[in-house]
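I have placed the structure first, in the form of structure tokens, so that the comments after it can refer back to it.
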Amino acid sequence: MESNVYEITDSVEKLEAAISRVRAAQEIFASYTQEQVDRIFSAAAMAANRARISMAKLAVEETGMGIVEDKVIKNHFASEYIYNKYRDLKTCGVICEDKASGMKKVAEPIGVVAAVIPTTNPTSTAFFKALLALKTRNGIIISPHPRAKKSTVEAAKIVLEAAVAAGAPENIISWIDVPSLEVKATRMKKAAIMLATGGPGMVRSAYSSGKPALGVGAGNTPAIIDDTADVVLAVNSIIHSKTFDNGMICASEQSVIVLDKVYDAAKAEFAARGCYFLKEDETERVRKTIIVNGALNAKIVGQKAATIAALAHVNVPCGTKILIGEVESVDISEEFAHEKLSPVLAMYRAKDIQDAFAKAERLVADGGFGHTSSIYLNAVTEQDKIQEFSSRMKTCRVLVNTPSSHGGIGDLYNFRLDPSLTLGCGSWGGNSVSGNVGPMNLINIKTVAERRENMLWFRAPEKVYFKKGCLRTALDELKNVLGKKRAFIVTDKFLYEHGCIKPITSQLDEMGIEHAAFFNVAPDPTLACAREGAEQMKAFRPDCIIAVGGGSAMDAGKIMWVLYEHPEADFHDMAMRFMDIRKRTYVFPKMGEKAYFIAVPTSAGTGSEATPFAVITDEKTGVKYPLADYELMPDMAIIDTDFHMTAPKGLTAASGIDAVTHALEAYASLMATDYTDSLAIRALQIIFKYLPRAYDNGLNDAVAREKMANAATMAGMSFANAFLGVCHSMAHKLGAFHHIPHGIANALLIDETLRFNASEAPSKMGTFPQYDHPHTLARYAEVAEALGIDGDSDSDKLENLIMAIDSLKERVGIKPTIRDYVPDEKDFLDRLDEMTEQAFDDQCTAANPRYPLMSEIKQMYLNAYYGRSFKEEEKPDASFIASGDSQFDSHNFKYVYSSKTDKN
């Protein structure tokens with residue numbers, strides 16, 4: 001070992017040189033393996049253990065405080081208990097790893113630790129902090145208290161010599177011999193972290209050093225003895241703790257609060273065990289000895305009870321264990337209410353447990369915030385008291401039936417409480433740490449997180465019945481499989497008055513199932529409508545709900561279902577936005593406990609029969625809310641073409657184009673999967689073929705109606721799992737502000753959305769792990785190819801796809817611009833900013849592949865309002881749409897389509 005290790009660091013220059021040596025040693029030490037570190041840790045702990053008696057003697061001899069035999073225990077604890085607690089702890093390299101999730105944590109040392117050692121525990125704390133530094137590959141500079149310099153430095157030397165002999169770098173531990181203010185300031189400035197144990201002034205200095213600091217606050221531990229306590233256990237535990245090393249551990253009891261019923265018994269037990277109750281005049285004299293000039297009298301710290309009594313001119317037996325002052329005030333003006341660090345104890349009488357709690361709270365507030373509190377009671381029968389006590393005490397350690405000196409330092413009376421001689425007091429005590437300081441406080445944890453794609457899913461209704469005439473088979477399950485007895489039908493006035501629900505009610509009558517109907521659903525259902533229906537449900541008490549109609553009836557039915565099963569649910573909470581449905585703040589209530597939900601669509605478009613979504617309008621504000629949660633997924637969907645045959649042309653067109661946008665947005669979504677892609681593509685292929693037929697001759701073309709019904713549900717299943725995008729966000733608000741049917745609103749905005757999303761260099765890309773780069777243009781090109789739409793490049797294919805969509809819209813009577821539906825330009829522009837912000841905040845925006853700025857949404861609205869001008873020759877050849885099947889290759893499911901766009 002180099003001789004300069006033992007140089008006296010009594011100047012700033014010598015200290016800086018010593019710190020440089022420690023830092024150089026630490027840089028070498030940082031490369032050590034866990035095996036090397038553990039070997040050094042073991043050797044150092046064993047050396048400290050072997051020196052436990054000699055170091056205890058030296059500490060008492062130098063400081064004149066405490067008890068040799070108790071300091072032996074402290075030294076033993078600081079070596080043996082610390083070593084055994086942390087011997088197997090990983091502190092080097094990878095300390096934990098989850099390969100499946102691509103996550104691992106790597107431990108790195110902090111650097112050079114500046115450790116302040118108190119005069120109350122000069123050797124045990126030096127052992128403790130040096131061992132922590134060695135376990136964590138840190139260097140350490142130890143600063144002793146001036147009155148304990150010799151014993152602290154000797155303890156540091158013992159650990160250093162053992163560590164170096166076991167392979168540690170020389171100079172890994174150093175110390176300050178003459179801790180002047182200038183030297184202390186330099187130490188704080190040069191170290192990586194401060195580890196401070198000692199008086200409040202020293203701890204405040206550490207926290208103001210400008211470096212990270214782990215400091216601990218003062219203790220003023222109150223101990224309550226409840227009237228259910230084992231008084232003998234309680235009193236003797238307190239005596240054991242309070243007399244340990246003459247009361248110098250900061251966690252030791254400073255006051256005991258005894259309930260009136262057991263006060264006399266406790267007092268007698270204290271007296272019988274060698275404690276002395278001060279008389280009134282003696283109490284006053286001891287008061288003036290405890291606190292001098294507003295501060296704790298250093299002459300009493302760690303002294304025997306008889307010595308302190310003599311200082312106060314009180315005569316007590318020489319073997320007196322504790323001086324007890326029976327006092328009433330818990331105010332800071334009462335000297336006995338302070339931390340005393342000696343075998344002097346305040347004793348209070350409490351009329352009941354609440355009085356005891358109040359006294360304990362005040363004592364903690366008067367100088368022990370964050371440290372330790374203690375209670376003795378019947379832990380089996382009085383759990384409520386333990387709960388209230390722990391709730392009210394602003395302390396980081398709440399001890400039950402435990403001597404607080406031994407209990408607070410951990411691992412003696414509760415093996416799960418970490419052993420430590422540095423007890424954090426959290427923010428209550430002005431500390432940065434609230435627990436018992438250990439090795440993990442002296443390492444930096446580097447988290448290595450590999451990119452991983454989130455788990456995805458595919459969810460659909462439990463049962464989906466389809467084919468013309470399937471209603472009877474599906475409803476038969478209500479009685480024969482599900483055992484339902486009361487059905488509540490939700491529909492709109494038109495369907496109700498035209499007898500469209502008659503096939504359902506007739507079969508319910510045949511099966512003996514009672515039924516009632518709510519038919520006040522408007523095209524844009526409101527929350528008021530949903531509440532009205534829920535009230536009728538509440539009166540009827542159905543075990544089955546059947547929503548019949550378009551998206552409005554199904555959406556209204558879903559909200560009624562929620563309000564019926566969970567009237568306490570708050571609508572605005574349910575509408576709370578989320579980025580990831582698995583992480584949403586609001587947790588939807590469990591559905592289906594009262595009623596089974598069946599969706600019977602009468603139009604081919606919304607897909608609500610197969611989705612976890614519902615759109616509803618707050619009639620008070622006019623805001624349209626899309627709700628989303630898988631609890632809203634119908635239990636059964638019945639896709640019976642008989643309900644679709646009479647749909648008018650306008651509804652057929654709007655709902656058909658709505659389904660087109662569902663499929664397109666699901667295919668482009670951040671969350672699209674192979675499962676959702678296949679449904680989206682197939683739905684688009686079917687719609688492009690059969691929507692013109694259904695529009696032209698829906699009353700007579702059952703095949704076209706059935707195909708469109710299937711396509712709408714398939715598109716619904718796709719976006720139920722992949723979610724939608726900004727087209728729907730904008731359409732929701734366009735419909736709400738200007739009363740445009742939802743499918744038409746989507747049709748007016750889809751062109752702008754496709755071009756917006758197709759940017760190869762968007763201003764902002766959407767955030768989702770499986771979406772690794774902007775590639776939506778290629779996705780749209782895949783859609784075009786699946787529809788038989790050609791082009792020389794992906795951009796060509798996109799423009800040809802847009803023109804094909806425009807031709808389909810024109811074919812079914814949808815006008816090209818928003819202006820065609822909202823001719824009042826001033827009204828549109830006046831409300832544009834508000835509509836834009838609401839669209840940005842719409843739930844559907846989150847899954848869009850391009851994250852839209854509000855200015856970009858506004859521009860899309862403007863483009864869609866005024867329209868883009870195209871030359872006549874740029875319009876697509878849409879003859880395949882006009883002629884129905886004539887140009888459709890059914891074998892390859894592909895349109896024979898050639899674009900007339902200028903490829904140059």
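In the structure tokens, the first chain shown is A, the next is B, and so on; residue numbers restart at 1 for each chain, and ligands run from 1 in the order shown.
Near Arg416 (chain A), within 12 Å and counting only C-alpha atoms, sit A:Lys85, A:Gly407, A:Gly408, A:Ile409, A:Gly410, A:Asn436; same-chain residues fewer than 6 positions away were not included.
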Output C-alpha atoms for every residue in the selection just made, as a PDB file, in the first residue's frame.
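Produced file result.pdb, reproduced below:
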ATOM      1  CA  LYS A  85     -28.367  -8.493   3.982  1.00  0.00           C
ATOM      2  CA  GLY A 407     -36.444  -1.518  15.291  1.00  0.00           C
ATOM      3  CA  GLY A 408     -35.659   1.631  13.332  1.00  0.00           C
ATOM      4  CA  ILE A 409     -32.235   0.479  12.162  1.00  0.00           C
ATOM      5  CA  GLY A 410     -33.893  -2.627  10.725  1.00  0.00           C
ATOM      6  CA  ASN A 436     -33.242   3.098   5.309  1.00  0.00           C
TER       7      ASN A 436
END
* Mind listing the helix (DSSP H, G or I) residues of region 350-512 of chain A, per DSSP on the backbone, as an NGL selection string? => :A and (353-365 or 383-392 or 404-408 or 427-429 or 439-442 or 471-480 or 493-497 or 502-511)
* Exercise: Met248 (chain A) partners within 9 Å, only C-alpha atoms, chain neighbours under 4 positions left out, as a PyMOL selection string -> chain A and resi 65-66+120-121+242-244+252+301-303+340-343+405
Write out as a short mmCIF file (atom, residue, chain, number, x, y, z; two decimals) with all heavy atoms, in the first residue's frame the residues lying within 9 Å of region 761-764 of chain A, counting only C-alpha atoms and excluding same-chain residues fewer than 6 positions away.
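The file below, result14.cif, is the result:
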data_model
loop_
_atom_site.label_atom_id
_atom_site.label_comp_id
_atom_site.auth_asym_id
_atom_site.auth_seq_id
_atom_site.Cartn_x
_atom_site.Cartn_y
_atom_site.Cartn_z
N PRO A 774 -42.78 6.39 -42.03
CA PRO A 774 -43.93 6.73 -42.86
C PRO A 774 -44.00 5.83 -44.09
O PRO A 774 -43.09 5.83 -44.92
CB PRO A 774 -43.67 8.20 -43.25
CG PRO A 774 -42.72 8.71 -42.21
CD PRO A 774 -41.87 7.52 -41.86
N ARG A 850 -50.32 9.57 -39.59
CA ARG A 850 -49.64 10.87 -39.54
C ARG A 850 -50.30 11.69 -38.44
O ARG A 850 -51.50 11.91 -38.45
CB ARG A 850 -49.75 11.60 -40.88
CG ARG A 850 -49.11 12.99 -40.88
CD ARG A 850 -49.18 13.64 -42.26
NE ARG A 850 -48.64 15.00 -42.22
CZ ARG A 850 -48.58 15.82 -43.27
NH1 ARG A 850 -49.02 15.38 -44.46
NH2 ARG A 850 -48.09 17.05 -43.14
N TYR A 851 -49.50 12.13 -37.49
CA TYR A 851 -50.04 12.92 -36.37
C TYR A 851 -50.33 14.32 -36.88
O TYR A 851 -49.43 15.04 -37.28
CB TYR A 851 -49.05 12.96 -35.22
CG TYR A 851 -49.57 13.62 -33.97
CD1 TYR A 851 -50.63 13.06 -33.27
CD2 TYR A 851 -49.01 14.80 -33.51
CE1 TYR A 851 -51.10 13.66 -32.12
CE2 TYR A 851 -49.48 15.41 -32.36
CZ TYR A 851 -50.53 14.84 -31.67
OH TYR A 851 -51.01 15.44 -30.52
N PRO A 852 -51.59 14.73 -36.88
CA PRO A 852 -51.92 16.00 -37.52
C PRO A 852 -51.76 17.20 -36.59
O PRO A 852 -52.14 17.16 -35.42
CB PRO A 852 -53.40 15.81 -37.88
CG PRO A 852 -53.92 14.91 -36.81
CD PRO A 852 -52.79 14.00 -36.43
N LEU A 853 -51.20 18.25 -37.11
CA LEU A 853 -51.23 19.53 -36.42
C LEU A 853 -52.60 20.16 -36.65
O LEU A 853 -53.27 19.88 -37.66
CB LEU A 853 -50.14 20.46 -36.97
CG LEU A 853 -48.70 19.95 -36.90
CD1 LEU A 853 -47.75 20.96 -37.53
CD2 LEU A 853 -48.30 19.67 -35.46
#
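Nearest-residue note for Gly605 (chain A): choosing from A:Ala647, A:Ala628, A:Ala229, A:Leu808, the minimum distance belongs to A:Ala647, counting only C-alpha atoms.
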* To do: Write out as a PyMOL selection string which residues come within 8 Å of Leu563 (chain A) when counting only C-alpha atoms, dropping same-chain ones fewer than 5 positions away.
  => chain A and resi 530-531+534+568-569
